[in-house]
Amino acid sequence: MLVSKDDVICGKPINRVTARRHLVEVVERARAYNCDPGRLLAIREVAVFGSYLDPGAGHLRDLDLAVSVVRRESDPDLYVRKVLAYARASGRRFDAFHELLYWPTRELRMFLKNRSPAIRVTSDVGQLTDRYKIIYLDSEDPHAIPPPPNAMAEC
């Protein structure tokens, strides 16, 4: 089994107050992201799961979040062209072509985490557990730019 650096638990445990603050800040960042017309993706929902849902847990290892993301562009060819232009305009250096293609998703995760080692982001909570709580829905955000009705999910 391969383990990435994101899978390794780094740092000390966080208390519930800190976890709650992180949760509120992630929702604020999701709202800001979804009202930015320059973004290529849209956040459909954010759910919290794991030890945060256990009221008896005083200290948590991390804050586990599942984020559902869709593309704002429904034409696959146009989406790829936009992604390549977006990645190049970012000013970042990419060592491989696939890094350019996945830049919008990586950037979104980085944006939500805001450099916090205590926040863990995954894409599909349903594969991990059936115990989760949705904390953000784009359909309930009046300022979110709605994705097209046939929006394709992004991993």
# chains A, B, ... in the order shown; residues from 1 in each chain; ligands from 1
$ closest_atom_pairs --of "segment 35-57 of chain A" --to "segment 144-148 of chain A" --cutoff "10 Å" --atoms "only C-alpha atoms" --output "JSON lines"
{"residue": "A:Cys35", "atom": "CA", "partner": "A:Ala144", "partner_atom": "CA", "distance": 4.6}
{"residue": "A:Asp36", "atom": "CA", "partner": "A:Ile145", "partner_atom": "CA", "distance": 7.6}
{"residue": "A:Pro37", "atom": "CA", "partner": "A:Ile145", "partner_atom": "CA", "distance": 7.2}
{"residue": "A:Arg39", "atom": "CA", "partner": "A:Ile145", "partner_atom": "CA", "distance": 10.0}
{"residue": "A:Leu40", "atom": "CA", "partner": "A:Pro147", "partner_atom": "CA", "distance": 9.7}
{"residue": "A:Leu41", "atom": "CA", "partner": "A:Pro147", "partner_atom": "CA", "distance": 8.2}
{"residue": "A:Ala42", "atom": "CA", "partner": "A:Pro147", "partner_atom": "CA", "distance": 6.5}
{"residue": "A:Ile43", "atom": "CA", "partner": "A:Ala144", "partner_atom": "CA", "distance": 9.1}
{"residue": "A:Arg44", "atom": "CA", "partner": "A:Pro147", "partner_atom": "CA", "distance": 8.8}
$ select_by_dssp --residues "chain A" --states "helix (DSSP H, G or I)" --output "PyMOL selection string"
chain A and resi 16-34+50-53+76-89+97-101+103-113+125-127+138-140
$ closest_residue --among "A:Leu128, A:Ile119, A:Cys155, A:Leu65" --to "Pro104 of chain A" --atoms "only C-alpha atoms"
A:Cys155
$ atom_distance --atom1 "atom CA of Glu45 of chain A" --atom2 "atom CA of Ala89 of chain A"
27.1 Å
$ atom_distance --atom1 "atom CA of Ala153 of chain A" --atom2 "atom CA of Lys133 of chain A"
20.2 Å
$ atom_distance --atom1 "atom CA of Arg131 of chain A" --atom2 "atom CA of Val48 of chain A"
9.0 Å
$ select_by_dssp --residues "chain A" --states "strand (DSSP E)" --output "PyMOL selection string"
chain A and resi 14-15+41-49+59-60+63-71+119-122+132-137+153-154
$ residues_around --residues "Ile14 of chain A" --least-positions-apart "5" --cutoff "8 Å" --atoms "only C-alpha atoms" --output "VMD selection string"
chain A and resid 19 59 to 62 118
$ closest_residue --among "A:Phe111, A:Gly126, A:Asp138, A:Arg88" --to "Glu25 of chain A" --atoms "only C-alpha atoms"
A:Phe111
$ closest_residue --among "A:Ala57, A:Val125, A:Ala96, A:Val80" --to "Val17 of chain A" --atoms "only C-alpha atoms"
A:Ala57
$ closest_residue --among "A:Pro117, A:Val46, A:Val70, A:Phe94" --to "Arg29 of chain A" --atoms "only C-alpha atoms"
A:Val46
$ closest_residue --among "A:Arg31, A:Arg72, A:Arg16, A:His22" --to "Arg120 of chain A" --atoms "only C-alpha atoms"
A:His22
